[in-house]
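Undergrad: Below is the file my_file-v3.cif, which contains mmCIF, C-alpha atoms and all ligand atoms.
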data_final
#
loop_
_atom_site.label_atom_id
_atom_site.label_comp_id
_atom_site.auth_asym_id
_atom_site.auth_seq_id
_atom_site.Cartn_x
_atom_site.Cartn_y
_atom_site.Cartn_z
CA MET A 1 50.98 30.66 64.14
CA SER A 2 48.92 30.81 60.97
CA GLU A 3 48.78 27.90 58.59
CA GLU A 4 47.04 27.73 55.27
CA PHE A 5 44.20 25.29 55.19
CA GLN A 6 45.10 22.01 53.60
CA ASP A 7 42.35 19.57 52.83
CA HIS A 8 42.93 15.87 53.13
CA GLN A 9 41.78 13.96 50.04
CA ILE A 10 41.07 10.29 49.63
CA ARG A 11 40.56 8.70 46.23
CA ASP A 12 37.70 6.19 46.22
CA VAL A 13 35.17 4.59 43.89
CA ILE A 14 31.41 4.80 43.98
CA LYS A 15 29.63 1.86 42.43
CA ILE A 16 25.93 2.31 41.82
CA ASN A 17 23.54 -0.50 41.09
CA TYR A 18 20.22 0.77 39.86
CA LYS A 19 17.24 -0.16 37.83
CA TYR A 20 14.75 1.80 35.83
CA THR A 21 11.40 1.00 34.31
CA MET A 22 10.30 1.23 30.72
CA GLY A 23 6.88 2.15 32.06
CA GLY A 24 3.96 1.82 29.71
CA GLN A 25 6.29 0.66 26.93
CA SER A 26 7.49 -2.34 28.95
CA LYS A 27 5.49 -4.77 26.79
CA PHE A 28 7.59 -3.82 23.75
CA PHE A 29 10.81 -4.78 25.54
CA ILE A 30 9.41 -7.95 27.15
CA GLU A 31 8.12 -9.25 23.81
CA LEU A 32 11.41 -8.35 22.14
CA MET A 33 13.41 -10.19 24.79
CA ASN A 34 11.23 -13.28 25.18
CA ASN A 35 9.65 -13.78 21.79
CA LYS A 36 11.56 -11.66 19.25
CA ARG A 37 8.32 -9.90 18.38
CA LEU A 38 8.32 -6.22 17.40
CA LEU A 39 5.22 -4.56 18.79
CA GLY A 40 3.90 -1.21 17.76
CA THR A 41 0.65 0.41 18.75
CA LYS A 42 -2.46 1.33 16.79
CA CYS A 43 -4.61 4.27 17.78
CA THR A 44 -8.12 3.20 18.80
CA LYS A 45 -9.59 6.35 17.24
CA CYS A 46 -7.69 7.36 14.09
CA GLY A 47 -6.01 3.99 13.43
CA LYS A 48 -2.48 5.36 13.06
CA THR A 49 0.15 2.69 13.71
CA TRP A 50 3.07 3.88 15.81
CA MET A 51 6.57 2.45 15.85
CA PRO A 52 8.19 3.08 18.27
CA PRO A 53 4.97 2.36 20.15
CA ARG A 54 3.08 5.15 21.84
CA ILE A 55 0.64 4.34 24.62
CA ASN A 56 -1.52 7.25 23.53
CA CYS A 57 -1.73 8.51 19.97
CA SER A 58 0.35 11.66 19.58
CA ASP A 59 -2.04 12.97 16.95
CA CYS A 60 -5.41 12.61 18.70
CA TYR A 61 -4.35 11.64 22.28
CA GLU A 62 -6.61 8.58 22.37
CA PRO A 63 -5.36 5.25 23.75
CA ALA A 64 -3.55 2.91 21.37
CA ASP A 65 -3.63 -0.91 21.29
CA TRP A 66 -0.61 -3.18 20.91
CA VAL A 67 -0.13 -4.68 17.44
CA GLU A 68 2.57 -6.97 16.12
CA LEU A 69 4.48 -5.54 13.18
CA LYS A 70 6.45 -7.19 10.42
CA GLN A 71 10.20 -7.47 10.95
CA SER A 72 11.05 -5.98 7.61
CA GLY A 73 10.91 -2.38 6.56
CA THR A 74 12.26 0.44 4.47
CA ILE A 75 14.98 2.96 5.32
CA GLU A 76 13.62 6.50 5.48
CA VAL A 77 16.94 8.23 6.21
CA SER A 78 20.32 7.00 7.39
CA THR A 79 23.91 7.89 8.14
CA ILE A 80 27.16 6.10 8.86
CA VAL A 81 28.57 6.35 12.38
CA TRP A 82 32.32 6.85 12.82
CA TYR A 83 32.36 8.36 16.32
CA THR A 84 30.45 6.69 19.11
CA THR A 85 30.44 5.72 22.76
CA SER A 86 32.59 2.96 24.25
CA ALA A 87 29.61 0.59 24.09
CA PHE A 88 29.64 0.58 20.28
CA ILE A 89 33.27 1.37 19.47
CA LYS A 90 33.99 -2.13 18.16
CA ALA A 91 31.13 -1.88 15.68
CA ILE A 92 32.27 1.24 13.80
CA PRO A 93 31.66 2.03 11.09
CA TYR A 94 27.98 1.13 11.26
CA GLY A 95 24.78 2.64 10.02
CA VAL A 96 21.91 4.16 11.91
CA GLY A 97 18.67 5.12 10.34
CA TYR A 98 14.99 5.68 10.66
CA ILE A 99 13.28 2.51 9.48
CA LYS A 100 9.60 2.32 8.72
CA LEU A 101 8.51 -1.24 9.43
CA ASP A 102 5.95 -2.70 7.05
CA GLY A 103 2.55 -1.81 8.46
CA ALA A 104 3.80 1.13 10.56
CA GLU A 105 3.23 4.77 9.75
CA THR A 106 6.13 6.15 11.77
CA ALA A 107 9.81 5.23 11.72
CA LEU A 108 12.05 3.67 14.34
CA LEU A 109 15.63 4.85 14.94
CA GLN A 110 17.87 1.81 14.98
CA GLY A 111 21.28 0.47 13.99
CA ILE A 112 21.83 -0.90 10.51
CA PHE A 113 24.75 -3.29 10.18
CA SER A 114 26.29 -4.47 6.95
CA GLU A 115 29.12 -6.85 6.16
CA ASN A 116 30.29 -4.41 3.50
CA LEU A 117 29.04 -1.03 4.62
CA VAL A 118 28.92 1.58 1.91
CA PRO A 119 26.42 4.45 1.75
CA SER A 120 24.51 2.94 -1.16
CA LYS A 121 23.66 -0.15 0.92
CA ILE A 122 21.74 1.83 3.53
CA LYS A 123 20.28 4.66 1.50
CA LYS A 124 16.67 5.82 1.56
CA GLY A 125 14.29 3.26 0.13
CA LYS A 126 16.51 0.23 0.79
CA ARG A 127 14.82 -2.81 2.31
CA VAL A 128 16.06 -4.13 5.66
CA LYS A 129 15.20 -6.97 8.03
CA ALA A 130 15.59 -7.32 11.79
CA VAL A 131 18.28 -9.61 13.21
CA PHE A 132 18.19 -10.53 16.92
CA ASN A 133 20.92 -11.26 19.43
CA LYS A 134 20.60 -14.79 20.80
CA GLN A 135 21.39 -13.32 24.22
CA ARG A 136 18.73 -10.64 24.78
CA ASP A 137 18.30 -8.32 27.76
CA GLY A 138 15.12 -6.46 26.82
CA LYS A 139 16.98 -3.47 25.39
CA MET A 140 17.04 -1.71 22.03
CA THR A 141 20.47 -3.27 21.47
CA ASP A 142 18.80 -6.72 21.38
CA PHE A 143 18.24 -6.28 17.66
CA PHE A 144 19.39 -4.35 14.62
CA PHE A 145 18.64 -4.19 10.95
CA VAL A 146 20.60 -5.54 8.01
CA PRO A 147 20.15 -5.15 4.26
CA GLU A 148 17.62 -7.71 3.06
CA ASP A 149 20.17 -9.50 0.87
CA GLU A 150 22.52 -10.00 3.85
CA TYR A 151 19.87 -11.40 6.18
CA ASP A 152 20.65 -15.10 5.69
CA ASN A 153 24.35 -14.50 6.33
CA TRP A 154 23.70 -12.58 9.53
CA ILE A 155 21.33 -15.11 11.06
CA SER A 156 23.79 -17.94 10.34
CA LYS A 157 26.34 -16.33 12.73
CA PRO A 158 26.46 -18.06 16.13
CA GLU A 159 25.54 -14.96 18.16
CA TYR A 160 22.50 -13.94 16.09
CA GLU A 161 19.21 -15.38 14.96
CA GLY A 162 16.27 -14.49 12.80
CA GLY A 163 12.96 -13.26 14.08
CA VAL A 164 9.57 -14.89 14.05
ZN ZN B 201 -5.02 8.75 16.79
#
As structure tokens, what does this structure read like?

TA:
Amino acid sequence: MSEEFQDHQIRDVIKINYKYTMGGQSKFFIELMNNKRLLGTKCTKCGKTWMPPRINCSDCYEPADWVELKQSGTIEVSTIVWYTTSAFIKAIPYGVGYIKLDGAETALLQGIFSENLVPSKIKKGKRVKAVFNKQRDGKMTDFFFVPEDEYDNWISKPEYEGGV
């Protein structure tokens, strides 16, 4: 008697708890979470100020020191997001852009929220300020930028607060 092979299948769920390290950039996330400070790094040789921080200068490969940066900056380039992952679906439409913080020479990719989002509000050259979640986890989603003229409104919301 020959029978065709039939596999027996069981549907199950795998749940994975894991952790990962932010490595040499950990100080950025710890200061963000605990003190709402935005730290960049400054090259010990050429003096270039990096944001996001780099442990070693990407231009001359020398070590860089931590420096606190201002929490305001200028939009270098931006776009409006209409399609995103489930984590951000409730926020659409929202802006993302490269923001050069005052005092930094490189730009940080980050969300830009607006109460009345239109392209002209987040265009190149517009001034933005950082707003922080009251509940912070040491992640990039702990803060975002808003147009400077909306800052006071955003930090008056119960779930957000201003920086230092
Ligand atoms: Zn350098």

Undergrad: Restricting the calculation to all atoms listed in the file: of A:Thr141, A:Thr49, A:Thr21, A:Ser78, which residue gets closest to ligand ZN 201 (chain B)?

TA: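 Going through A:Thr141, A:Thr49, A:Thr21, A:Ser78 one by one, the smallest distance to ligand ZN 201 (chain B) is for A:Thr49.
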
Undergrad: My list of candidates is A:Lys90, A:Lys19, A:Arg54, A:Lys129. Which is closest to ligand ZN 201 (chain B) when distances are computed with all atoms listed in the file?

TA: A:Arg54

Undergrad: Between A:Val146, A:Ala104, A:Leu39, A:Val96, which one has atoms that come closest to Trp82 of chain A, using all atoms listed in the file?

TA: A:Val96

Undergrad: Please identify all protein, DNA and RNA residues within 6 Å of ligand ZN 201 (chain B), counting only C-alpha atoms and all ligand atoms, and report them as a list in words.

TA: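 So the residues close to ligand ZN 201 (chain B) are Cys43, Lys45, Cys46, Gly47, Lys48, Cys57, Asp59, Cys60 and Glu62 of chain A.
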
Undergrad: From the options A:Val77, A:Asp149, A:Tyr160, A:Trp66, which residue's atoms come nearest to Ala107 of chain A, counting only C-alpha atoms?

TA: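 Of all the options, A:Val77 lies closest to Ala107 of chain A.
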
Undergrad: Mind pulling up the distance from atom CA of Phe88 of chain A to atom CA of Ile55 of chain A?

TA: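 Between these atoms lies a distance of 29.6 Å.
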
Undergrad: Pick out the residues sitting within 12 Å of Asp137 of chain A, and hand them over as a PyMOL selection string; count only C-alpha atoms, and ignore anything fewer than 3 positions along from it in its own chain.

TA: chain A and resi 29-36+132-134+140-143

Undergrad: Mind giving me the straight-line distance from atom CA of Thr44 of chain A to atom CA of Val67 of chain A in Å, one decimal?

TA: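 Atom CA of Val67 of chain A lies 11.3 Å from atom CA of Thr44 of chain A.
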
Undergrad: Between atom CA of Asn56 of chain A and atom CA of Thr41 of chain A, measure the distance and give it in Å to one decimal.

TA: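 Computing the Euclidean distance for atom CA of Asn56 of chain A and atom CA of Thr41 of chain A yields 8.6 Å.
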
Undergrad: Identify, on the basis of all atoms listed in the file, every residue whose closest approach to Gly73 of chain A does not exceed 8 Å; exclude the query and any residue fewer than 6 positions from it along the same chain; express the result as a ChimeraX atom specification.

TA: /A:99-102,127-129

Undergrad: Please save C-alpha atoms of the selected residues as a short mmCIF file (atom, residue, chain, number, x, y, z; two decimals), in the frame of the given file.

TA:
data_model
loop_
_atom_site.label_atom_id
_atom_site.label_comp_id
_atom_site.auth_asym_id
_atom_site.auth_seq_id
_atom_site.Cartn_x
_atom_site.Cartn_y
_atom_site.Cartn_z
CA ILE A 99 13.28 2.51 9.48
CA LYS A 100 9.60 2.32 8.72
CA LEU A 101 8.51 -1.24 9.43
CA ASP A 102 5.95 -2.70 7.05
CA ARG A 127 14.82 -2.81 2.31
CA VAL A 128 16.06 -4.13 5.66
CA LYS A 129 15.20 -6.97 8.03
#

Undergrad: What box, with edges along x, y and z, holds each listed atom of segment 68-86 of chain A when 4 Å is added on every side, and can you state its centre and edge lengths in Å to one decimal, as AutoDock Vina command-line options?

TA:
--center_x 17.6 --center_y 0.4 --center_z 14.4 --size_x 38.0 --size_y 23.8 --size_z 27.8

Undergrad: Near Val131 of chain A, within 6 Å and counting all atoms listed in the file, which residues show up once chain neighbours fewer than 3 positions away are dropped, as an NGL selection string?

TA: :A and (143-145 or 162)
